[in-house]
Amino acid sequence: ARLVYATTASRVSHRSTRPNNMAASIAASSALSAHVLGRCTAKSRRTAFRCRAVQEPASISAPVGFVPPEPRKFTVAQGSLGRVVSSAIPLVLRGGTGALISGWFPSIVRDDGAPGYSMFRVAGKKLKEASALGPRPAKTIEVFEYEGSPYCRKVREAAAVLDLDVLFRPCPSGETYWRAIAKAEGAKTFPYVKDPNTGLAFCESDDIVEYLFRNYGPAASDTFLSPEGLRDAGPATLEIPMMLRRGGITNLTCYAAALVRLKGLKARPSRAAAAAAAGTPVKPVELWTYEASPFTKAVRESLTELCIPHVVRYCPRGSSKRDELLERTGRFQVPYLEDPNTETKMFESASMVEYLEKTYAL
């Protein structure tokens, strides 16, 4: 076993409006754990250091003989019907929030034969889907959160509506690496967002939702809005969907959606957690999906409980990323997962859960 001594990091105070210093963030997270090989003596246990034995992380590799399944559209894997049905209930409770892109507008146009995603093509016509978005962030936004939280769900739905790519740092109860980094930076609750495009880092789900729409929603591209007007704009001007605005109905339905499954709340032993504890976190897994998909929920639950960082490339209806996925794989179907740690690429949610459990769970 490798012995890990970690000092208790002092909490770094900050204001939500103050730009986040990335160098300070790295320094704070580095201060959290100094890794030392040796024996833990009685004397060392009486010092201000904490001593914790952690197994050396095993190498990450796909299960022996694993072959990604052939994708099957609109097919529920054997034994997965109950899971899919229970995962669809939050979709109903939340009014489908996260399924459609901001400003989604469908129309029937002439099919010119150009490649690209369309829900249907028939008799020389095809469905065209339009959207209304703001500027696209140059760098990936980070969110420290966990699947089972009703407050984190609001932020995920907002990211889906805005067609954003988000790097999620799983912070379920019992997780020690990403939670410690967030706490060292001053986070008191989750979700906790870090936007390298603006330098801001802060908590509180309602504030995060409004921030995302203010910076990446359609109002951010409105030339008739002054900077002051955009700053002071309310939810209607920002075009925040009703189910994401501050108020009782949003919180009530998010809580109800979380209670349906009660998954993604607690960390489980995993190779990803062991690697993070040793100071070498695994590479983020990439997941293509949209928040309302009932097929994706179990995948996200496993990613959260196994503490696997992952980039979600949201592609709701109307997203141009549907064209990207079609070009990349030859089809559009979600969820789609790519794991750079094992070079695995696959469709089919039930097989993804099985893959993640066999590859990462201890």
# chains A, B, ... in the order shown; residues from 1 in each chain; ligands from 1
$ residues_around --residues "Leu252 in chain A" --least-positions-apart "5" --cutoff "12 Å" --atoms "only C-alpha atoms" --output "number ranges by chain"
A: 90, 93-94, 150-151, 154, 243-244, 246-247, 257-259
$ write_last_selection --atoms "N, CA, C and O atoms" --output "PDB file, in the first residue's frame"
ATOM      1  N   PRO A  90     -38.459  11.342 -14.707  1.00  0.00           N
ATOM      2  CA  PRO A  90     -37.977  12.724 -14.556  1.00  0.00           C
ATOM      3  C   PRO A  90     -38.186  13.566 -15.807  1.00  0.00           C
ATOM      4  O   PRO A  90     -38.423  14.772 -15.709  1.00  0.00           O
ATOM      5  N   LEU A  93     -41.704  14.746 -15.406  1.00  0.00           N
ATOM      6  CA  LEU A  93     -41.818  15.687 -14.290  1.00  0.00           C
ATOM      7  C   LEU A  93     -41.220  17.049 -14.629  1.00  0.00           C
ATOM      8  O   LEU A  93     -41.726  18.089 -14.187  1.00  0.00           O
ATOM      9  N   ARG A  94     -40.170  17.034 -15.419  1.00  0.00           N
ATOM     10  CA  ARG A  94     -39.480  18.279 -15.752  1.00  0.00           C
ATOM     11  C   ARG A  94     -39.924  18.863 -17.083  1.00  0.00           C
ATOM     12  O   ARG A  94     -39.304  19.780 -17.608  1.00  0.00           O
ATOM     13  N   PRO A 150     -30.838  17.396  -6.959  1.00  0.00           N
ATOM     14  CA  PRO A 150     -31.851  18.148  -7.707  1.00  0.00           C
ATOM     15  C   PRO A 150     -31.343  19.511  -8.166  1.00  0.00           C
ATOM     16  O   PRO A 150     -31.768  20.021  -9.203  1.00  0.00           O
ATOM     17  N   TYR A 151     -30.437  20.094  -7.398  1.00  0.00           N
ATOM     18  CA  TYR A 151     -29.889  21.401  -7.776  1.00  0.00           C
ATOM     19  C   TYR A 151     -28.911  21.266  -8.941  1.00  0.00           C
ATOM     20  O   TYR A 151     -28.885  22.119  -9.837  1.00  0.00           O
ATOM     21  N   LYS A 154     -30.619  21.114 -12.407  1.00  0.00           N
ATOM     22  CA  LYS A 154     -30.973  22.384 -13.054  1.00  0.00           C
ATOM     23  C   LYS A 154     -29.843  22.894 -13.932  1.00  0.00           C
ATOM     24  O   LYS A 154     -30.070  23.355 -15.058  1.00  0.00           O
ATOM     25  N   MET A 243     -39.221  26.196 -16.629  1.00  0.00           N
ATOM     26  CA  MET A 243     -38.865  25.139 -15.689  1.00  0.00           C
ATOM     27  C   MET A 243     -37.446  25.288 -15.142  1.00  0.00           C
ATOM     28  O   MET A 243     -37.001  24.463 -14.344  1.00  0.00           O
ATOM     29  N   LEU A 244     -36.735  26.348 -15.564  1.00  0.00           N
ATOM     30  CA  LEU A 244     -35.394  26.604 -15.037  1.00  0.00           C
ATOM     31  C   LEU A 244     -35.317  27.924 -14.272  1.00  0.00           C
ATOM     32  O   LEU A 244     -34.254  28.294 -13.784  1.00  0.00           O
ATOM     33  N   ARG A 246     -36.081  30.674 -11.227  1.00  0.00           N
ATOM     34  CA  ARG A 246     -36.177  30.619  -9.767  1.00  0.00           C
ATOM     35  C   ARG A 246     -37.629  30.429  -9.355  1.00  0.00           C
ATOM     36  O   ARG A 246     -38.523  31.027  -9.942  1.00  0.00           O
ATOM     37  N   GLY A 247     -37.842  29.613  -8.345  1.00  0.00           N
ATOM     38  CA  GLY A 247     -39.200  29.458  -7.862  1.00  0.00           C
ATOM     39  C   GLY A 247     -39.510  28.047  -7.424  1.00  0.00           C
ATOM     40  O   GLY A 247     -38.741  27.109  -7.667  1.00  0.00           O
ATOM     41  N   ALA A 257     -37.952  14.573  -9.364  1.00  0.00           N
ATOM     42  CA  ALA A 257     -37.185  13.820 -10.358  1.00  0.00           C
ATOM     43  C   ALA A 257     -36.031  13.059  -9.699  1.00  0.00           C
ATOM     44  O   ALA A 257     -35.724  11.924 -10.072  1.00  0.00           O
ATOM     45  N   ALA A 258     -35.402  13.673  -8.690  1.00  0.00           N
ATOM     46  CA  ALA A 258     -34.285  13.019  -7.997  1.00  0.00           C
ATOM     47  C   ALA A 258     -34.769  11.845  -7.154  1.00  0.00           C
ATOM     48  O   ALA A 258     -34.072  10.822  -7.023  1.00  0.00           O
ATOM     49  N   LEU A 259     -35.970  11.964  -6.578  1.00  0.00           N
ATOM     50  CA  LEU A 259     -36.489  10.917  -5.691  1.00  0.00           C
ATOM     51  C   LEU A 259     -36.903   9.655  -6.443  1.00  0.00           C
ATOM     52  O   LEU A 259     -37.012   8.587  -5.847  1.00  0.00           O
TER      53      LEU A 259
END
$ closest_atom_pairs --of "range 116-217 of chain A" --to "range 228-232 of chain A" --cutoff "12 Å" --atoms "only C-alpha atoms" --output "Markdown table"
| residue | atom | partner | partner_atom | distance |
| --- | --- | --- | --- | --- |
| A:Glu210 | CA | A:Arg231 | CA | 10.2 |
| A:Tyr211 | CA | A:Arg231 | CA | 9.4 |
| A:Phe213 | CA | A:Leu230 | CA | 10.2 |
| A:Arg214 | CA | A:Leu230 | CA | 6.8 |
| A:Asn215 | CA | A:Leu230 | CA | 9.0 |
| A:Tyr216 | CA | A:Leu230 | CA | 11.6 |
| A:Gly217 | CA | A:Leu230 | CA | 10.8 |
$ atom_distance --atom1 "CA of Lys266 in chain A" --atom2 "CA of Lys358 in chain A"
18.3 Å
$ residues_around --residues "Pro269 in chain A" --least-positions-apart "5" --cutoff "8 Å" --atoms "only C-alpha atoms" --output "number ranges by chain"
A: 274, 306, 361-362
$ residues_around --residues "range 340-350 of chain A" --least-positions-apart "2" --cutoff "7 Å" --atoms "only C-alpha atoms" --output "list of chain:residue names"
A:Ile60, A:Ser61, A:Ala62, A:Pro68, A:Pro71, A:Ala77, A:Val282, A:Lys283, A:Val285, A:Phe295, A:Thr296, A:Val299, A:Pro335, A:Tyr336, A:Leu337, A:Glu338, A:Met352, A:Val353, A:Glu354
$ write_last_selection --atoms "N, CA and C atoms" --output "short mmCIF file (atom, residue, chain, number, x, y, z; two decimals), in the first residue's frame"
data_model
loop_
_atom_site.label_atom_id
_atom_site.label_comp_id
_atom_site.auth_asym_id
_atom_site.auth_seq_id
_atom_site.Cartn_x
_atom_site.Cartn_y
_atom_site.Cartn_z
N ILE A 60 -5.80 1.08 -16.23
CA ILE A 60 -7.15 1.05 -16.75
C ILE A 60 -7.15 0.34 -18.10
N SER A 61 -7.92 -0.70 -18.22
CA SER A 61 -8.03 -1.42 -19.49
C SER A 61 -9.44 -1.99 -19.62
N ALA A 62 -9.88 -2.14 -20.85
CA ALA A 62 -11.21 -2.69 -21.10
C ALA A 62 -11.25 -4.15 -20.67
N PRO A 68 -17.47 -3.78 -28.32
CA PRO A 68 -18.64 -2.89 -28.28
C PRO A 68 -19.79 -3.46 -29.10
N PRO A 71 -24.96 -0.89 -32.51
CA PRO A 71 -26.03 0.01 -32.07
C PRO A 71 -27.38 -0.41 -32.61
N ALA A 77 -32.55 -2.86 -24.06
CA ALA A 77 -31.84 -4.11 -23.82
C ALA A 77 -32.62 -4.99 -22.86
N VAL A 282 -7.66 9.88 -13.97
CA VAL A 282 -7.85 9.32 -15.30
C VAL A 282 -8.29 10.43 -16.26
N LYS A 283 -8.11 10.19 -17.54
CA LYS A 283 -8.56 11.15 -18.54
C LYS A 283 -10.09 11.18 -18.56
N VAL A 285 -13.76 10.84 -19.65
CA VAL A 285 -14.54 10.12 -20.66
C VAL A 285 -15.40 11.13 -21.40
N PHE A 295 -32.25 7.01 -21.61
CA PHE A 295 -31.23 5.98 -21.81
C PHE A 295 -29.89 6.39 -21.21
N THR A 296 -29.71 7.68 -20.99
CA THR A 296 -28.41 8.17 -20.52
C THR A 296 -28.29 8.17 -19.00
N VAL A 299 -26.11 5.64 -17.22
CA VAL A 299 -24.70 5.83 -17.57
C VAL A 299 -24.10 6.93 -16.70
N PRO A 335 -27.13 7.56 -25.89
CA PRO A 335 -25.80 8.08 -25.64
C PRO A 335 -24.74 7.41 -26.51
N TYR A 336 -23.66 8.14 -26.70
CA TYR A 336 -22.47 7.62 -27.37
C TYR A 336 -21.28 7.95 -26.48
N LEU A 337 -20.42 6.97 -26.23
CA LEU A 337 -19.33 7.13 -25.27
C LEU A 337 -17.98 6.84 -25.91
N GLU A 338 -17.01 7.66 -25.59
CA GLU A 338 -15.62 7.42 -25.97
C GLU A 338 -14.75 7.50 -24.72
N MET A 352 -22.91 0.20 -21.94
CA MET A 352 -22.02 1.21 -21.36
C MET A 352 -21.90 1.03 -19.86
N VAL A 353 -23.06 0.83 -19.20
CA VAL A 353 -23.05 0.63 -17.75
C VAL A 353 -22.23 -0.61 -17.40
N GLU A 354 -22.44 -1.68 -18.13
CA GLU A 354 -21.68 -2.92 -17.89
C GLU A 354 -20.19 -2.69 -18.11
#
$ atom_distance --atom1 "CA of Gly148 in chain A" --atom2 "CA of Gly103 in chain A"
28.0 Å
$ atom_distance --atom1 "CA of Gly95 in chain A" --atom2 "CA of Asp195 in chain A"
28.0 Å
$ residues_around --residues "Leu91 in chain A" --least-positions-apart "2" --cutoff "9 Å" --atoms "only C-alpha atoms" --output "VMD selection string"
chain A and resid 87 to 89 93 to 99 257 291 to 294
$ write_last_selection --atoms "all heavy atoms" --output "mmCIF file, in the first residue's frame"
data_model
loop_
_atom_site.group_PDB
_atom_site.id
_atom_site.type_symbol
_atom_site.label_atom_id
_atom_site.label_comp_id
_atom_site.auth_asym_id
_atom_site.auth_seq_id
_atom_site.Cartn_x
_atom_site.Cartn_y
_atom_site.Cartn_z
ATOM 1 N N SER A 87 -36.242 6.000 -15.492
ATOM 2 C CA SER A 87 -35.421 7.132 -15.937
ATOM 3 C C SER A 87 -36.216 8.103 -16.796
ATOM 4 O O SER A 87 -35.809 9.263 -16.962
ATOM 5 C CB SER A 87 -34.214 6.621 -16.734
ATOM 6 O OG SER A 87 -33.365 5.835 -15.922
ATOM 7 N N ALA A 88 -37.347 7.633 -17.358
ATOM 8 C CA ALA A 88 -38.183 8.504 -18.181
ATOM 9 C C ALA A 88 -39.120 9.362 -17.336
ATOM 10 O O ALA A 88 -39.603 10.403 -17.803
ATOM 11 C CB ALA A 88 -38.995 7.668 -19.161
ATOM 12 N N ILE A 89 -39.370 8.951 -16.094
ATOM 13 C CA ILE A 89 -40.284 9.717 -15.233
ATOM 14 C C ILE A 89 -39.764 11.140 -14.994
ATOM 15 O O ILE A 89 -40.549 12.100 -15.079
ATOM 16 C CB ILE A 89 -40.522 8.972 -13.906
ATOM 17 C CG1 ILE A 89 -41.274 7.658 -14.177
ATOM 18 C CG2 ILE A 89 -41.311 9.838 -12.929
ATOM 19 C CD1 ILE A 89 -41.443 6.778 -12.954
ATOM 20 N N LEU A 93 -41.704 14.746 -15.406
ATOM 21 C CA LEU A 93 -41.818 15.687 -14.290
ATOM 22 C C LEU A 93 -41.220 17.049 -14.629
ATOM 23 O O LEU A 93 -41.726 18.089 -14.187
ATOM 24 C CB LEU A 93 -41.128 15.110 -13.051
ATOM 25 C CG LEU A 93 -41.802 13.897 -12.403
ATOM 26 C CD1 LEU A 93 -40.884 13.294 -11.342
ATOM 27 C CD2 LEU A 93 -43.138 14.293 -11.780
ATOM 28 N N ARG A 94 -40.170 17.034 -15.419
ATOM 29 C CA ARG A 94 -39.480 18.279 -15.752
ATOM 30 C C ARG A 94 -39.924 18.863 -17.083
ATOM 31 O O ARG A 94 -39.304 19.780 -17.608
ATOM 32 C CB ARG A 94 -37.961 18.029 -15.759
ATOM 33 C CG ARG A 94 -37.390 17.697 -14.407
ATOM 34 C CD ARG A 94 -37.373 18.909 -13.493
ATOM 35 N NE ARG A 94 -36.552 19.975 -14.050
ATOM 36 C CZ ARG A 94 -36.834 21.262 -13.954
ATOM 37 N NH1 ARG A 94 -37.916 21.675 -13.309
ATOM 38 N NH2 ARG A 94 -36.033 22.171 -14.501
ATOM 39 N N GLY A 95 -41.005 18.329 -17.628
ATOM 40 C CA GLY A 95 -41.563 18.900 -18.847
ATOM 41 C C GLY A 95 -40.641 18.823 -20.041
ATOM 42 O O GLY A 95 -40.715 19.677 -20.945
ATOM 43 N N GLY A 96 -39.757 17.826 -20.045
ATOM 44 C CA GLY A 96 -38.857 17.654 -21.186
ATOM 45 C C GLY A 96 -37.738 18.666 -21.260
ATOM 46 O O GLY A 96 -37.054 18.775 -22.293
ATOM 47 N N THR A 97 -37.500 19.415 -20.181
ATOM 48 C CA THR A 97 -36.440 20.437 -20.190
ATOM 49 C C THR A 97 -35.087 19.788 -20.453
ATOM 50 O O THR A 97 -34.707 18.828 -19.800
ATOM 51 C CB THR A 97 -36.393 21.189 -18.857
ATOM 52 O OG1 THR A 97 -37.694 21.664 -18.537
ATOM 53 C CG2 THR A 97 -35.426 22.367 -18.929
ATOM 54 N N GLY A 98 -34.379 20.322 -21.409
ATOM 55 C CA GLY A 98 -33.079 19.767 -21.780
ATOM 56 C C GLY A 98 -33.134 18.929 -23.032
ATOM 57 O O GLY A 98 -32.101 18.494 -23.545
ATOM 58 N N ALA A 99 -34.346 18.705 -23.566
ATOM 59 C CA ALA A 99 -34.482 17.931 -24.800
ATOM 60 C C ALA A 99 -34.375 18.815 -26.038
ATOM 61 O O ALA A 99 -33.938 18.362 -27.099
ATOM 62 C CB ALA A 99 -35.812 17.181 -24.817
ATOM 63 N N ALA A 257 -37.952 14.573 -9.364
ATOM 64 C CA ALA A 257 -37.185 13.820 -10.358
ATOM 65 C C ALA A 257 -36.031 13.059 -9.699
ATOM 66 O O ALA A 257 -35.724 11.924 -10.072
ATOM 67 C CB ALA A 257 -36.655 14.761 -11.430
ATOM 68 N N GLU A 291 -29.759 15.989 -21.839
ATOM 69 C CA GLU A 291 -30.077 15.734 -20.434
ATOM 70 C C GLU A 291 -31.376 14.963 -20.242
ATOM 71 O O GLU A 291 -31.502 14.195 -19.302
ATOM 72 C CB GLU A 291 -30.143 17.058 -19.662
ATOM 73 C CG GLU A 291 -30.401 16.909 -18.172
ATOM 74 C CD GLU A 291 -29.327 16.101 -17.452
ATOM 75 O OE1 GLU A 291 -28.173 16.093 -17.918
ATOM 76 O OE2 GLU A 291 -29.638 15.488 -16.420
ATOM 77 N N ALA A 292 -32.343 15.131 -21.131
ATOM 78 C CA ALA A 292 -33.638 14.494 -20.934
ATOM 79 C C ALA A 292 -33.664 13.035 -21.372
ATOM 80 O O ALA A 292 -34.672 12.361 -21.164
ATOM 81 C CB ALA A 292 -34.714 15.276 -21.687
ATOM 82 N N SER A 293 -32.602 12.529 -21.965
ATOM 83 C CA SER A 293 -32.602 11.158 -22.479
ATOM 84 C C SER A 293 -32.715 10.132 -21.344
ATOM 85 O O SER A 293 -31.855 10.076 -20.464
ATOM 86 C CB SER A 293 -31.324 10.878 -23.268
ATOM 87 O OG SER A 293 -31.193 9.493 -23.550
ATOM 88 N N PRO A 294 -33.749 9.284 -21.354
ATOM 89 C CA PRO A 294 -33.874 8.268 -20.293
ATOM 90 C C PRO A 294 -32.828 7.159 -20.427
ATOM 91 O O PRO A 294 -32.555 6.450 -19.466
ATOM 92 C CB PRO A 294 -35.292 7.717 -20.511
ATOM 93 C CG PRO A 294 -35.592 7.974 -21.944
ATOM 94 C CD PRO A 294 -34.892 9.256 -22.290
#
$ residues_around --residues "range 161-171 of chain A" --least-positions-apart "3" --cutoff "7 Å" --atoms "only C-alpha atoms" --output "compact mmCIF listing (two decimals) with N, CA and C atoms, in the first residue's frame"
# COMPACT_ATOMS: atom_id res chain seq x y z
N GLY A 98 -34.38 20.32 -21.41
CA GLY A 98 -33.08 19.77 -21.78
C GLY A 98 -33.13 18.93 -23.03
N LEU A 100 -34.78 20.09 -25.91
CA LEU A 100 -34.78 21.02 -27.03
C LEU A 100 -33.77 22.13 -26.80
N ILE A 101 -33.12 22.54 -27.86
CA ILE A 101 -32.15 23.62 -27.79
C ILE A 101 -32.87 24.95 -27.61
N SER A 102 -32.17 25.94 -27.11
CA SER A 102 -32.75 27.28 -26.94
C SER A 102 -33.20 27.83 -28.29
N LEU A 133 -28.90 30.92 -30.11
CA LEU A 133 -27.87 30.79 -29.08
C LEU A 133 -27.01 32.04 -29.04
N THR A 140 -13.67 24.81 -22.30
CA THR A 140 -14.72 24.00 -21.69
C THR A 140 -15.00 24.43 -20.25
N ILE A 141 -16.27 24.63 -19.96
CA ILE A 141 -16.71 25.00 -18.61
C ILE A 141 -16.64 23.77 -17.71
N GLU A 142 -16.20 23.95 -16.46
CA GLU A 142 -16.13 22.85 -15.50
C GLU A 142 -17.25 22.98 -14.47
N VAL A 143 -17.85 21.85 -14.13
CA VAL A 143 -18.88 21.83 -13.10
C VAL A 143 -18.59 20.68 -12.14
N PHE A 144 -18.49 20.99 -10.86
CA PHE A 144 -18.32 19.99 -9.81
C PHE A 144 -19.73 19.68 -9.30
N GLU A 145 -20.18 18.45 -9.44
CA GLU A 145 -21.56 18.12 -9.12
C GLU A 145 -21.73 16.62 -8.99
N TYR A 146 -22.98 16.18 -8.78
CA TYR A 146 -23.27 14.75 -8.76
C TYR A 146 -24.67 14.52 -9.29
N GLU A 157 -29.48 20.73 -17.08
CA GLU A 157 -30.52 21.04 -18.05
C GLU A 157 -30.23 22.36 -18.77
N ALA A 158 -29.75 23.36 -18.03
CA ALA A 158 -29.41 24.65 -18.65
C ALA A 158 -28.29 24.47 -19.66
N GLU A 175 -16.73 11.00 -1.95
CA GLU A 175 -15.64 11.26 -2.89
C GLU A 175 -14.67 12.25 -2.23
N TRP A 178 -12.08 15.43 -5.92
CA TRP A 178 -12.66 16.61 -6.54
C TRP A 178 -13.39 17.47 -5.52
N ARG A 179 -14.03 16.85 -4.54
CA ARG A 179 -14.70 17.62 -3.49
C ARG A 179 -13.69 18.46 -2.72
N TYR A 216 -24.08 32.88 -22.49
CA TYR A 216 -24.09 31.99 -23.65
C TYR A 216 -25.47 31.79 -24.26
N GLY A 217 -26.46 32.50 -23.75
CA GLY A 217 -27.81 32.42 -24.28
C GLY A 217 -28.04 33.45 -25.37
N THR A 304 -20.88 8.93 -12.10
CA THR A 304 -20.83 9.68 -10.85
C THR A 304 -20.37 8.81 -9.69
N CYS A 307 -16.86 7.92 -9.77
CA CYS A 307 -16.00 9.12 -9.70
C CYS A 307 -15.15 9.29 -10.95
N ILE A 308 -15.75 9.06 -12.11
CA ILE A 308 -15.03 9.18 -13.38
C ILE A 308 -15.31 10.56 -13.98
N PRO A 309 -14.31 11.42 -14.12
CA PRO A 309 -14.55 12.71 -14.76
C PRO A 309 -14.98 12.49 -16.21
N HIS A 310 -15.87 13.35 -16.70
CA HIS A 310 -16.37 13.14 -18.05
C HIS A 310 -16.83 14.46 -18.67
N VAL A 311 -16.56 14.57 -19.95
CA VAL A 311 -17.04 15.71 -20.73
C VAL A 311 -18.34 15.29 -21.39
N VAL A 312 -19.40 16.04 -21.14
CA VAL A 312 -20.66 15.79 -21.81
C VAL A 312 -20.80 16.77 -22.97
N ARG A 313 -20.95 16.21 -24.15
CA ARG A 313 -21.19 17.02 -25.34
C ARG A 313 -22.70 16.99 -25.61
N TYR A 314 -23.37 17.98 -25.06
CA TYR A 314 -24.82 18.02 -25.17
C TYR A 314 -25.24 18.26 -26.62
N CYS A 315 -26.21 17.49 -27.06
CA CYS A 315 -26.72 17.64 -28.44
C CYS A 315 -28.24 17.47 -28.45
N PRO A 316 -28.96 18.46 -27.89
CA PRO A 316 -30.43 18.40 -27.88
C PRO A 316 -30.97 18.58 -29.29
N SER A 319 -29.41 20.90 -32.26
CA SER A 319 -27.97 21.11 -32.10
C SER A 319 -27.20 20.71 -33.36
$ select_by_dssp --residues "range 120-315 of chain A" --states "alpha helix (DSSP H)" --output "PyMOL selection string"
chain A and resi 150-161+178-184+205-216+227-231+235-238+248-259+271-277+297-305
$ closest_residue --among "A:Val76, A:Phe224, A:Thr289, A:Ala256" --to "Ala160 in chain A" --atoms "only C-alpha atoms"
A:Thr289
$ select_by_dssp --residues "range 171-344 of chain A" --states "strand (DSSP E)" --output "ChimeraX atom specification"
/A:192-195,200-203,285-289,310-314,336-339,344
